[in-house]
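Have a look at coords_31.pdb below; it lists PDB, C-alpha atoms.
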MODEL        1
ATOM      1  CA  MET K   7      50.672  -8.486 -12.934
ATOM      2  CA  GLU K   8      53.549  -9.112 -10.531
ATOM      3  CA  ILE K   9      52.648 -11.662  -7.838
ATOM      4  CA  ILE K  10      54.500 -11.289  -4.534
ATOM      5  CA  SER K  11      54.016 -14.064  -1.993
ATOM      6  CA  ASN K  12      54.674 -13.381   1.700
ATOM      7  CA  PRO K  13      55.794  -9.816   0.919
ATOM      8  CA  THR K  14      58.633  -8.288   2.888
ATOM      9  CA  GLN K  15      58.532  -4.711   4.155
ATOM     10  CA  VAL K  16      60.697  -3.679   1.201
ATOM     11  CA  GLU K  17      58.243  -5.239  -1.244
ATOM     12  CA  ILE K  18      55.314  -3.600   0.532
ATOM     13  CA  LYS K  19      57.057  -0.229   0.185
ATOM     14  CA  LYS K  20      57.422  -0.871  -3.553
ATOM     15  CA  ALA K  21      53.728  -1.720  -3.762
ATOM     16  CA  ALA K  22      52.891   1.526  -1.949
ATOM     17  CA  GLN K  23      54.994   3.421  -4.484
ATOM     18  CA  ALA K  24      53.141   1.651  -7.284
ATOM     19  CA  LEU K  25      49.886   2.982  -5.835
ATOM     20  CA  MET K  26      51.371   6.489  -5.718
ATOM     21  CA  ASP K  27      52.385   6.095  -9.365
ATOM     22  CA  GLY K  28      48.795   5.328 -10.350
ATOM     23  CA  HIS K  29      49.034   1.540 -10.650
ATOM     24  CA  LEU K  30      46.718  -1.029  -9.067
ATOM     25  CA  VAL K  31      47.649  -3.331  -6.194
ATOM     26  CA  ALA K  32      45.580  -6.352  -5.177
ATOM     27  CA  PHE K  33      46.060  -7.136  -1.494
ATOM     28  CA  PRO K  34      44.505  -9.215   1.285
ATOM     29  CA  THR K  35      42.233  -7.856   3.959
ATOM     30  CA  GLU K  36      40.713  -9.896   6.755
ATOM     31  CA  THR K  37      37.438 -10.009   4.773
ATOM     32  CA  VAL K  38      38.298 -10.572   1.072
ATOM     33  CA  TYR K  39      41.060  -9.528  -1.333
ATOM     34  CA  GLY K  40      40.781  -5.927  -2.484
ATOM     35  CA  LEU K  41      41.836  -4.238  -5.725
ATOM     36  CA  GLY K  42      43.561  -1.103  -4.512
ATOM     37  CA  ALA K  43      44.067   2.303  -6.106
ATOM     38  CA  ASP K  44      44.925   5.797  -4.872
ATOM     39  CA  ALA K  45      41.545   7.170  -3.781
ATOM     40  CA  THR K  46      42.485  10.703  -4.910
ATOM     41  CA  ASN K  47      43.702   9.665  -8.383
ATOM     42  CA  GLU K  48      40.731   9.758 -10.755
ATOM     43  CA  LYS K  49      42.596   7.969 -13.544
ATOM     44  CA  ALA K  50      43.663   5.107 -11.245
ATOM     45  CA  VAL K  51      40.154   4.778  -9.809
ATOM     46  CA  SER K  52      38.773   4.707 -13.343
ATOM     47  CA  ARG K  53      41.007   1.707 -14.036
ATOM     48  CA  VAL K  54      39.524  -0.094 -11.006
ATOM     49  CA  TYR K  55      36.051   0.350 -12.482
ATOM     50  CA  SER K  56      37.292  -0.795 -15.886
ATOM     51  CA  VAL K  57      39.183  -3.861 -14.634
ATOM     52  CA  LYS K  58      36.219  -4.969 -12.544
ATOM     53  CA  GLY K  59      33.592  -4.056 -15.138
ATOM     54  CA  ARG K  60      31.859  -2.179 -12.320
ATOM     55  CA  PRO K  61      29.221   0.539 -12.905
ATOM     56  CA  THR K  62      30.856   3.920 -12.340
ATOM     57  CA  ASP K  63      27.976   5.181 -10.223
ATOM     58  CA  HIS K  64      28.502   2.363  -7.708
ATOM     59  CA  PRO K  65      30.524   3.859  -4.808
ATOM     60  CA  LEU K  66      33.835   2.597  -3.465
ATOM     61  CA  ILE K  67      35.045   2.237   0.116
ATOM     62  CA  VAL K  68      38.171   4.136   1.206
ATOM     63  CA  HIS K  69      40.684   2.208   3.313
ATOM     64  CA  VAL K  70      43.001   4.001   5.758
ATOM     65  CA  SER K  71      45.434   2.757   8.383
ATOM     66  CA  SER K  72      44.012   4.490  11.451
ATOM     67  CA  ILE K  73      40.967   6.130  12.982
ATOM     68  CA  ASN K  74      43.099   9.280  13.090
ATOM     69  CA  LEU K  75      42.591   9.650   9.322
ATOM     70  CA  LEU K  76      38.802   9.441   9.463
ATOM     71  CA  ASP K  77      38.315  13.209   9.471
ATOM     72  CA  LYS K  78      40.281  13.523   6.229
ATOM     73  CA  TRP K  79      37.398  11.789   4.447
ATOM     74  CA  ALA K  80      34.367  12.637   6.580
ATOM     75  CA  ILE K  81      32.793  15.671   8.251
ATOM     76  CA  ASP K  82      30.188  16.133  10.978
ATOM     77  CA  ILE K  83      31.095  12.738  12.410
ATOM     78  CA  PRO K  84      28.518  11.646  15.036
ATOM     79  CA  GLU K  85      29.692  10.508  18.456
ATOM     80  CA  ASN K  86      28.183   7.062  17.816
ATOM     81  CA  ALA K  87      30.459   6.647  14.787
ATOM     82  CA  ILE K  88      33.489   7.509  16.910
ATOM     83  CA  LYS K  89      32.443   4.915  19.499
ATOM     84  CA  LEU K  90      32.079   2.267  16.792
ATOM     85  CA  ALA K  91      35.442   3.093  15.233
ATOM     86  CA  LYS K  92      37.260   3.000  18.566
ATOM     87  CA  GLU K  93      35.743  -0.381  19.417
ATOM     88  CA  PHE K  94      35.860  -2.244  16.086
ATOM     89  CA  TRP K  95      38.750  -0.732  14.089
ATOM     90  CA  PRO K  96      40.970  -2.165  12.793
ATOM     91  CA  GLY K  97      38.364  -4.698  11.710
ATOM     92  CA  PRO K  98      35.609  -5.776   9.309
ATOM     93  CA  MET K  99      33.373  -2.704   9.620
ATOM     94  CA  THR K 100      32.711   0.138   7.147
ATOM     95  CA  LEU K 101      31.164   3.420   8.289
ATOM     96  CA  ILE K 102      29.064   5.573   5.946
ATOM     97  CA  LEU K 103      29.496   9.263   6.789
ATOM     98  CA  LYS K 104      29.067  12.698   5.244
ATOM     99  CA  ARG K 105      31.939  13.193   2.828
ATOM    100  CA  SER K 106      34.682  15.810   3.071
ATOM    101  CA  GLU K 107      35.988  17.831   0.136
ATOM    102  CA  ILE K 108      38.685  15.257  -0.617
ATOM    103  CA  ALA K 109      36.029  12.592  -1.342
ATOM    104  CA  LYS K 110      35.147  13.251  -4.971
ATOM    105  CA  ASP K 111      32.218  12.073  -7.072
ATOM    106  CA  PHE K 112      34.396   9.498  -8.850
ATOM    107  CA  ILE K 113      34.572   7.404  -5.659
ATOM    108  CA  THR K 114      31.216   8.262  -4.053
ATOM    109  CA  GLY K 115      29.044   7.609  -7.098
ATOM    110  CA  GLY K 116      27.923  11.223  -6.898
ATOM    111  CA  GLN K 117      26.521  10.834  -3.379
ATOM    112  CA  GLU K 118      27.206  13.153  -0.468
ATOM    113  CA  ASN K 119      28.348  10.201   1.676
ATOM    114  CA  ILE K 120      31.587   8.227   1.839
ATOM    115  CA  GLY K 121      32.368   4.715   3.113
ATOM    116  CA  VAL K 122      35.542   4.387   5.215
ATOM    117  CA  ARG K 123      37.169   1.494   7.023
ATOM    118  CA  VAL K 124      40.413   0.404   8.702
ATOM    119  CA  PRO K 125      41.197  -3.240   7.811
ATOM    120  CA  SER K 126      42.952  -5.502  10.313
ATOM    121  CA  HIS K 127      45.030  -7.736   8.007
ATOM    122  CA  PRO K 128      48.729  -7.017   8.717
ATOM    123  CA  ILE K 129      49.636  -6.791   5.018
ATOM    124  CA  ALA K 130      46.788  -4.359   4.351
ATOM    125  CA  LEU K 131      47.771  -2.193   7.315
ATOM    126  CA  ALA K 132      51.439  -2.215   6.324
ATOM    127  CA  LEU K 133      50.591  -1.237   2.741
ATOM    128  CA  LEU K 134      48.295   1.584   3.848
ATOM    129  CA  SER K 135      50.863   2.889   6.339
ATOM    130  CA  GLU K 136      53.641   2.953   3.726
ATOM    131  CA  PHE K 137      51.304   4.608   1.225
ATOM    132  CA  GLU K 138      50.445   7.315   3.751
ATOM    133  CA  LYS K 139      54.151   7.899   4.519
ATOM    134  CA  LEU K 140      54.563   8.702   0.823
ATOM    135  CA  GLY K 141      51.808  11.298   1.039
ATOM    136  CA  GLY K 142      48.834   9.116   0.140
ATOM    137  CA  GLN K 143      45.479   9.891   1.729
ATOM    138  CA  GLY K 144      43.592   6.609   1.327
ATOM    139  CA  VAL K 145      43.096   3.589  -0.922
ATOM    140  CA  VAL K 146      39.882   2.436  -2.559
ATOM    141  CA  ALA K 147      39.801  -1.360  -2.526
ATOM    142  CA  PRO K 148      36.663  -3.092  -3.801
ATOM    143  CA  SER K 149      36.850  -6.883  -3.986
ATOM    144  CA  ALA K 150      39.438  -8.068  -6.511
ATOM    145  CA  ASN K 151      37.039  -9.784  -8.907
ATOM    146  CA  ARG K 152      34.906  -8.982 -11.919
ATOM    147  CA  PHE K 153      31.718  -7.166 -11.044
ATOM    148  CA  SER K 154      28.916  -9.395  -9.641
ATOM    149  CA  ALA K 155      31.189 -12.444  -9.314
ATOM    150  CA  VAL K 156      31.961 -14.226  -6.045
ATOM    151  CA  SER K 157      34.535 -12.281  -4.027
ATOM    152  CA  PRO K 158      38.058 -13.763  -3.883
ATOM    153  CA  THR K 159      39.561 -14.991  -0.636
ATOM    154  CA  THR K 160      42.737 -16.585  -2.090
ATOM    155  CA  LEU K 161      45.509 -15.912  -4.614
ATOM    156  CA  ALA K 162      44.035 -18.449  -7.033
ATOM    157  CA  ALA K 163      40.649 -16.730  -7.026
ATOM    158  CA  VAL K 164      42.144 -13.288  -7.745
ATOM    159  CA  SER K 165      44.260 -14.671 -10.586
ATOM    160  CA  GLU K 166      41.249 -16.495 -12.017
ATOM    161  CA  GLU K 167      39.217 -13.287 -11.988
ATOM    162  CA  LEU K 168      41.643 -10.550 -13.003
ATOM    163  CA  ALA K 169      44.848 -11.923 -14.560
ATOM    164  CA  ASP K 170      43.631 -11.040 -18.061
ATOM    165  CA  TYR K 171      42.723  -7.475 -17.103
ATOM    166  CA  LEU K 172      45.723  -6.209 -15.128
ATOM    167  CA  SER K 173      48.940  -4.780 -16.574
ATOM    168  CA  LYS K 174      52.561  -5.740 -15.918
ATOM    169  CA  SER K 175      52.949  -2.658 -13.718
ATOM    170  CA  ASP K 176      50.194  -3.740 -11.336
ATOM    171  CA  LYS K 177      51.039  -5.846  -8.291
ATOM    172  CA  PHE K 178      49.428  -8.559  -6.239
ATOM    173  CA  LEU K 179      50.388  -9.115  -2.598
ATOM    174  CA  ASP K 180      49.624 -12.711  -1.621
ATOM    175  CA  GLY K 181      48.727 -13.148   2.037
ATOM    176  CA  GLY K 182      47.107 -16.577   1.950
ATOM    177  CA  GLN K 183      43.438 -17.190   2.675
ATOM    178  CA  CYS K 184      41.505 -14.312   4.195
ATOM    179  CA  PHE K 185      40.697 -14.689   7.895
ATOM    180  CA  ILE K 186      36.980 -13.881   7.797
ATOM    181  CA  GLY K 187      35.996 -14.550   4.188
ATOM    182  CA  ILE K 188      32.905 -12.340   3.830
ATOM    183  CA  GLU K 189      32.655  -8.599   3.253
ATOM    184  CA  SER K 190      32.708  -5.987   5.988
ATOM    185  CA  THR K 191      29.588  -4.914   7.823
ATOM    186  CA  ILE K 192      28.408  -1.563   6.424
ATOM    187  CA  LEU K 193      26.807   0.830   8.906
ATOM    188  CA  ASP K 194      25.193   4.113   7.923
ATOM    189  CA  CYS K 195      26.336   6.650  10.527
ATOM    190  CA  SER K 196      25.552   9.768   8.502
ATOM    191  CA  ASN K 197      23.162  10.749  11.306
ATOM    192  CA  GLU K 198      22.762   9.792  14.971
ATOM    193  CA  MET K 199      20.824   6.598  14.188
ATOM    194  CA  ILE K 200      23.014   3.629  13.176
ATOM    195  CA  THR K 201      21.573   1.613  10.281
ATOM    196  CA  GLU K 202      22.984  -1.690   9.044
ATOM    197  CA  LEU K 203      23.157  -1.591   5.238
ATOM    198  CA  ARG K 204      25.143  -4.804   4.725
ATOM    199  CA  PRO K 205      25.554  -7.584   7.319
ATOM    200  CA  GLY K 206      28.969  -8.923   8.235
ATOM    201  CA  ALA K 207      31.094 -10.120  11.141
ATOM    202  CA  VAL K 208      30.348  -7.028  13.234
ATOM    203  CA  THR K 209      26.723  -7.854  14.040
ATOM    204  CA  SER K 210      24.075  -5.720  15.707
ATOM    205  CA  GLU K 211      24.187  -8.137  18.657
ATOM    206  CA  LEU K 212      27.950  -7.689  18.982
ATOM    207  CA  ILE K 213      27.621  -3.898  18.854
ATOM    208  CA  ALA K 214      24.919  -3.947  21.528
ATOM    209  CA  SER K 215      26.958  -6.208  23.808
ATOM    210  CA  ARG K 216      30.245  -4.302  23.394
ATOM    211  CA  ILE K 217      29.131  -0.656  23.500
ATOM    212  CA  GLY K 218      25.387  -0.720  24.084
ATOM    213  CA  LEU K 219      24.342   1.024  20.871
ATOM    214  CA  PRO K 220      21.132   0.042  19.038
ATOM    215  CA  VAL K 221      21.361  -0.752  15.316
ATOM    216  CA  LYS K 222      18.419  -0.411  12.950
ATOM    217  CA  LEU K 223      18.199  -2.830  10.039
ATOM    218  CA  LYS K 224      18.020  -1.444   6.507
ATOM    219  CA  GLN K 225      14.537  -0.639   5.274
ATOM    220  CA  ASN K 226      14.537   0.606   1.677
ATOM    221  CA  ALA K 227      17.731   2.567   2.273
ATOM    222  CA  LYS K 228      18.303   5.238  -0.345
ATOM    223  CA  ILE K 229      22.069   5.238   0.120
ATOM    224  CA  LYS K 230      23.997   3.339  -2.566
ATOM    225  CA  THR K 231      26.923   1.368  -1.227
ATOM    226  CA  SER K 232      29.088  -1.636  -2.039
ATOM    227  CA  GLY K 233      27.505  -5.070  -2.253
ATOM    228  CA  LEU K 234      23.835  -4.115  -2.261
ATOM    229  CA  LEU K 235      22.886  -4.836  -5.861
ATOM    230  CA  GLU K 236      20.923  -8.025  -6.554
ATOM    231  CA  VAL K 237      23.686  -9.388  -8.810
ATOM    232  CA  HIS K 238      26.466  -9.174  -6.219
ATOM    233  CA  TYR K 239      28.339 -12.327  -5.139
ATOM    234  CA  SER K 240      26.800 -14.465  -7.905
ATOM    235  CA  PRO K 241      28.291 -17.884  -8.745
ATOM    236  CA  SER K 242      27.281 -19.648 -11.961
ATOM    237  CA  ALA K 243      25.508 -22.365  -9.998
ATOM    238  CA  GLU K 244      22.081 -21.746  -8.532
ATOM    239  CA  VAL K 245      22.361 -21.306  -4.759
ATOM    240  CA  GLN K 246      19.544 -22.326  -2.420
ATOM    241  CA  ILE K 247      19.359 -21.973   1.348
ATOM    242  CA  GLY K 248      18.572 -24.842   3.669
ATOM    243  CA  PRO K 249      17.746 -28.553   3.405
ATOM    244  CA  PRO K 250      16.919 -30.981   1.921
ATOM    245  CA  VAL K 251      20.202 -31.904   0.258
ATOM    246  CA  VAL K 252      19.519 -34.381  -2.539
ATOM    247  CA  ALA K 253      21.507 -36.319  -5.145
ATOM    248  CA  GLY K 254      23.044 -33.945  -7.694
ATOM    249  CA  ASP K 255      23.444 -31.078  -5.245
ATOM    250  CA  GLY K 256      26.728 -29.595  -4.203
ATOM    251  CA  PHE K 257      26.431 -28.441  -0.613
ATOM    252  CA  LEU K 258      28.155 -26.673   2.246
ATOM    253  CA  ALA K 259      27.282 -27.864   5.752
ATOM    254  CA  LEU K 260      28.872 -28.177   9.177
ATOM    255  CA  ALA K 261      31.231 -31.121   9.584
ATOM    256  CA  ASN K 262      28.838 -33.187  11.733
ATOM    257  CA  PHE K 263      26.361 -33.512   8.853
ATOM    258  CA  GLU K 264      26.740 -36.710   6.840
ATOM    259  CA  SER K 265      26.932 -36.398   3.046
ATOM    260  CA  PRO K 266      23.842 -37.899   1.346
ATOM    261  CA  PRO K 267      24.526 -40.313  -1.555
ATOM    262  CA  GLY K 268      25.182 -38.680  -4.909
ATOM    263  CA  THR K 269      25.968 -35.219  -3.518
ATOM    264  CA  VAL K 270      29.112 -33.101  -3.903
ATOM    265  CA  ARG K 271      30.603 -31.915  -0.592
ATOM    266  CA  LEU K 272      32.008 -28.416  -1.119
ATOM    267  CA  ALA K 273      33.268 -27.802   2.433
ATOM    268  CA  SER K 274      32.940 -29.121   5.994
ATOM    269  CA  PRO K 275      33.355 -26.164   8.380
ATOM    270  CA  GLU K 276      33.504 -26.875  12.111
ATOM    271  CA  ASN K 277      31.585 -23.758  13.240
ATOM    272  CA  ASN K 278      29.842 -20.625  11.999
ATOM    273  CA  GLU K 279      33.065 -18.611  11.748
ATOM    274  CA  GLN K 280      34.696 -21.292   9.599
ATOM    275  CA  TYR K 281      31.493 -21.512   7.544
ATOM    276  CA  ALA K 282      31.808 -17.828   6.639
ATOM    277  CA  LYS K 283      35.511 -18.235   5.873
ATOM    278  CA  ASP K 284      34.854 -21.185   3.543
ATOM    279  CA  LEU K 285      31.704 -19.845   1.877
ATOM    280  CA  TYR K 286      33.079 -18.036  -1.187
ATOM    281  CA  ALA K 287      35.732 -20.664  -1.872
ATOM    282  CA  ALA K 288      33.005 -23.328  -1.733
ATOM    283  CA  LEU K 289      30.834 -21.424  -4.219
ATOM    284  CA  ARG K 290      33.795 -21.165  -6.598
ATOM    285  CA  TYR K 291      34.485 -24.877  -6.152
ATOM    286  CA  GLY K 292      30.875 -25.582  -7.081
ATOM    287  CA  ASP K 293      31.345 -23.655 -10.318
ATOM    288  CA  ARG K 294      34.536 -25.587 -11.135
ATOM    289  CA  MET K 295      32.667 -28.854 -10.471
ATOM    290  CA  GLY K 296      30.142 -27.901 -13.111
ATOM    291  CA  LEU K 297      27.173 -27.291 -10.836
ATOM    292  CA  LYS K 298      25.102 -25.116 -13.134
ATOM    293  CA  LYS K 299      21.910 -23.163 -12.907
ATOM    294  CA  ASN K 300      18.710 -25.176 -12.895
ATOM    295  CA  SER K 301      17.189 -25.957 -16.272
ATOM    296  CA  ARG K 302      14.993 -28.615 -17.841
ATOM    297  CA  HIS K 303      18.148 -30.648 -18.439
ATOM    298  CA  SER K 304      19.831 -30.327 -15.048
ATOM    299  CA  SER K 305      18.832 -29.851 -11.425
ATOM    300  CA  ARG K 306      22.343 -29.612  -9.994
ATOM    301  CA  ARG K 307      22.785 -26.686  -7.633
ATOM    302  CA  VAL K 308      24.603 -25.471  -4.535
ATOM    303  CA  ARG K 309      22.729 -25.921  -1.276
ATOM    304  CA  LEU K 310      23.788 -23.845   1.745
ATOM    305  CA  SER K 311      22.805 -25.321   5.098
ATOM    306  CA  ARG K 312      24.151 -25.348   8.619
ATOM    307  CA  CYS K 313      22.655 -28.836   8.989
ATOM    308  CA  ASN K 314      23.224 -29.036  12.740
TER
ENDMDL
END
Once you've parsed the file, please lay out its structure as structure tokens.
Amino acid sequence: MEIISNPTQVEIKKAAQALMDGHLVAFPTETVYGLGADATNEKAVSRVYSVKGRPTDHPLIVHVSSINLLDKWAIDIPENAIKLAKEFWPGPMTLILKRSEIAKDFITGGQENIGVRVPSHPIALALLSEFEKLGGQGVVAPSANRFSAVSPTTLAAVSEELADYLSKSDKFLDGGQCFIGIESTILDCSNEMITELRPGAVTSELIASRIGLPVKLKQNAKIKTSGLLEVHYSPSAEVQIGPPVVAGDGFLALANFESPPGTVRLASPENNEQYAKDLYAALRYGDRMGLKKNSRHSSRRVRLSRCN
């Protein structure tokens, strides 16, 4: 895998050509790093599933550079979906819509819906734009890690996860640490009612305040989409929510919380936004520190707490 740090426009064009040629390109988005492939190339998409070890019936999200390309992938788009896209794209929001003919079973998991988003990271947007200039329609880009593992937000995390699985023809565009650090909000807009399937930075409160639309929370949703299986985002260490933090625990808490004796401080974010940005890196750090799952021989774990 060729690693390209701080890619120039020329290098981004080469990466776009690699996608057109059926290779894989790992690249940063504002949420996490994605493992990209031409969304219309079944062989390339099959490699994404293979590299990740991901079940082939688990759908992928298509990334495009502009709202203007939404109707390539979706039909019967509700007005509410258009309002959301105009307000929050580019950004950390995925819309689930009725699929068009171009969206094949090998990316939808056999469903009649498709997930689409426009990322806001400048490298992601540049790559998608160059890919589209070459005739590309869209790029699938699930998180660049092995299936069920913690999503990568840095170069080191991607290399740790996938270096042994990618070929010399694949590329990795290094854009530093991701801005947001958790996956995009997924909203089902396949009908007039908006339903949140996966929480993220675009919250129901934010949607209500910006454009006045109500959002229903998922209740036994039948739609399969990224990140909803129980095994997603799983570190080796056991993770528990909230205090108390005791000796032997690794923990993530806001900076104003003092570290109890015998604990392992994984991160000290200053606010909720920084907490989200640091979360996955902290979980990976906990694994490297040897914080394992609870057993009769060890009670070390990762404790997540705001600890205000």
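Residues in contact with Gly59 of chain K at 9 Å, where all atoms listed in the file are counted and same-chain residues fewer than 6 positions away are skipped, are listed as Arg152, Phe153 and Ser154 of chain K.
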Ground truth for the PyMOL selection byres ((chain K and resi 101-104) around 8), written as a ChimeraX atom specification | /K:80-83,87,99-100,105-106,118-123,192-197
Hits from the PyMOL selection byres ((chain K and resi 157) around 12), listed as an MDAnalysis selection string | chainID K and resid 34:35 37:41 58 148:156 158:168 184 187:190 233 238:241 283:290
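The residue that comes closest to Tyr291 of chain K, out of K:Pro266, K:Gly181, K:Gly256, K:Pro98 and on the basis of only C-alpha atoms, is K:Gly256.
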Distance criterion (all atoms listed in the file): nearest to Gly115 of chain K out of K:Lys92, K:Lys177, K:Arg216, K:Lys230 | K:Lys230
Measuring atom to atom with only C-alpha atoms, identify which of K:Glu244, K:Glu107, K:Glu85, K:Asp180 is nearest to Leu297 of chain K.
->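 Ranking K:Glu244, K:Glu107, K:Glu85, K:Asp180 by distance to Leu297 of chain K, first place goes to K:Glu244.
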In Å, rounded to a single decimal, give me how far atom CA of Val31 of chain K is from atom CA of Gly141 of chain K.
->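 Going from atom CA of Gly141 of chain K over to atom CA of Val31 of chain K covers 16.8 Å.
Take atom CA of Gln23 of chain K and atom CA of Gly42 of chain K: the distance between them is 12.3 Å.
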Run the PyMOL selection byres ((chain K and resi 278) around 12) against the file shown and list the residues it catches, as a list of chain:residue names.
-> K:Ile186, K:Gly187, K:Ala207, K:Leu258, K:Ala259, K:Leu260, K:Ala261, K:Ser274, K:Pro275, K:Glu276, K:Asn277, K:Glu279, K:Gln280, K:Tyr281, K:Ala282, K:Lys283, K:Asp284, K:Leu285, K:Ser311, K:Arg312, K:Cys313, K:Asn314
Do you know which residues lie at most 9 Å from (41.6, 0.6, 10.5), with coordinates as in the file and all atoms listed in the file counted, and could you write them as a PyMOL selection string?
-> chain K and resi 69-73+91+94-99+122-126+131
Between atom CA of Val54 of chain K and atom CA of Leu140 of chain K - distance in Å to one decimal =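 Rounded to one decimal, the two atoms are 21.1 Å apart.
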Taking into account all atoms listed in the file, which residue in the set K:Ala45, K:Ile9, K:Val221, K:Ile247 is nearest to Val208 of chain K?
->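 Selected residue with least distance to Val208 of chain K: K:Val221.
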For each of K:Asp27, K:Ile88, K:Ile113, K:Ala273, take the minimum atom-to-atom distance to Tyr55 of chain K, counting all atoms listed in the file, then give the residue where this is smallest.
-> K:Ile113
If we count only C-alpha atoms, what is near Arg53 of chain K at a cut-off of 9 Å, once residues fewer than 6 positions away on the same chain are taken out, given as a PyMOL selection string?
-> chain K and resi 29-30+43
Requested write-out: C-alpha atoms of the selected residues, as a compact mmCIF listing (two decimals), in the coordinates of the input:
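Result saved to again-v3.txt:
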# COMPACT_ATOMS: atom_id res chain seq x y z
CA HIS K 29 49.03 1.54 -10.65
CA LEU K 30 46.72 -1.03 -9.07
CA ALA K 43 44.07 2.30 -6.11
Nearest residue to Asp293 of chain K from the set K:Val252, K:Val245, K:Met199, K:Gly268 (distances using all atoms listed in the file) =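 Ranked by minimum distance to Asp293 of chain K, first place goes to K:Val245.
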Per-axis box centre and lengths in Å around segment 42-58 of chain K, 5 Å margin per side, axis-aligned, as AutoDock Vina command-line options:
--center_x 40.5 --center_y 2.9 --center_z -9.8 --size_x 18.9 --size_y 25.7 --size_z 22.1
For the structure just given, write the atoms of segment 283-295 of chain K, namely N, CA, C and O atoms, as an mmCIF file, in the first residue's frame.
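Result file follows (out.cif):
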data_model
loop_
_atom_site.group_PDB
_atom_site.id
_atom_site.type_symbol
_atom_site.label_atom_id
_atom_site.label_comp_id
_atom_site.auth_asym_id
_atom_site.auth_seq_id
_atom_site.Cartn_x
_atom_site.Cartn_y
_atom_site.Cartn_z
ATOM 1 N N LYS K 283 -13.919 13.385 19.291
ATOM 2 C CA LYS K 283 -12.742 13.290 18.428
ATOM 3 C C LYS K 283 -11.707 12.333 18.987
ATOM 4 O O LYS K 283 -11.045 11.598 18.246
ATOM 5 N N ASP K 284 -11.574 12.302 20.321
ATOM 6 C CA ASP K 284 -10.552 11.479 20.973
ATOM 7 C C ASP K 284 -11.008 10.051 21.262
ATOM 8 O O ASP K 284 -10.179 9.188 21.597
ATOM 9 N N LEU K 285 -12.309 9.793 21.156
ATOM 10 C CA LEU K 285 -12.872 8.543 21.668
ATOM 11 C C LEU K 285 -12.220 7.306 21.083
ATOM 12 O O LEU K 285 -11.725 6.437 21.817
ATOM 13 N N TYR K 286 -12.200 7.162 19.748
ATOM 14 C CA TYR K 286 -11.697 5.929 19.150
ATOM 15 C C TYR K 286 -10.198 5.765 19.375
ATOM 16 O O TYR K 286 -9.718 4.646 19.610
ATOM 17 N N ALA K 287 -9.462 6.867 19.317
ATOM 18 C CA ALA K 287 -8.024 6.783 19.583
ATOM 19 C C ALA K 287 -7.782 6.336 21.021
ATOM 20 O O ALA K 287 -6.855 5.557 21.301
ATOM 21 N N ALA K 288 -8.620 6.790 21.948
ATOM 22 C CA ALA K 288 -8.468 6.395 23.351
ATOM 23 C C ALA K 288 -8.760 4.907 23.537
ATOM 24 O O ALA K 288 -8.058 4.213 24.283
ATOM 25 N N LEU K 289 -9.779 4.402 22.846
ATOM 26 C CA LEU K 289 -10.089 2.971 22.941
ATOM 27 C C LEU K 289 -8.926 2.137 22.405
ATOM 28 O O LEU K 289 -8.562 1.102 22.982
ATOM 29 N N ARG K 290 -8.327 2.572 21.301
ATOM 30 C CA ARG K 290 -7.176 1.860 20.755
ATOM 31 C C ARG K 290 -5.985 1.928 21.719
ATOM 32 O O ARG K 290 -5.250 0.950 21.877
ATOM 33 N N TYR K 291 -5.801 3.074 22.348
ATOM 34 C CA TYR K 291 -4.724 3.215 23.324
ATOM 35 C C TYR K 291 -4.931 2.256 24.481
ATOM 36 O O TYR K 291 -3.984 1.615 24.975
ATOM 37 N N GLY K 292 -6.185 2.108 24.913
ATOM 38 C CA GLY K 292 -6.488 1.161 25.981
ATOM 39 C C GLY K 292 -6.113 -0.261 25.614
ATOM 40 O O GLY K 292 -5.576 -1.019 26.436
ATOM 41 N N ASP K 293 -6.348 -0.637 24.351
ATOM 42 C CA ASP K 293 -5.950 -1.968 23.899
ATOM 43 C C ASP K 293 -4.434 -2.127 23.921
ATOM 44 O O ASP K 293 -3.900 -3.153 24.339
ATOM 45 N N ARG K 294 -3.713 -1.078 23.449
ATOM 46 C CA ARG K 294 -2.245 -1.164 23.445
ATOM 47 C C ARG K 294 -1.681 -1.230 24.864
ATOM 48 O O ARG K 294 -0.628 -1.821 25.091
ATOM 49 N N MET K 295 -2.392 -0.624 25.820
ATOM 50 C CA MET K 295 -1.947 -0.643 27.219
ATOM 51 C C MET K 295 -2.247 -1.965 27.905
ATOM 52 O O MET K 295 -1.882 -2.175 29.060
#
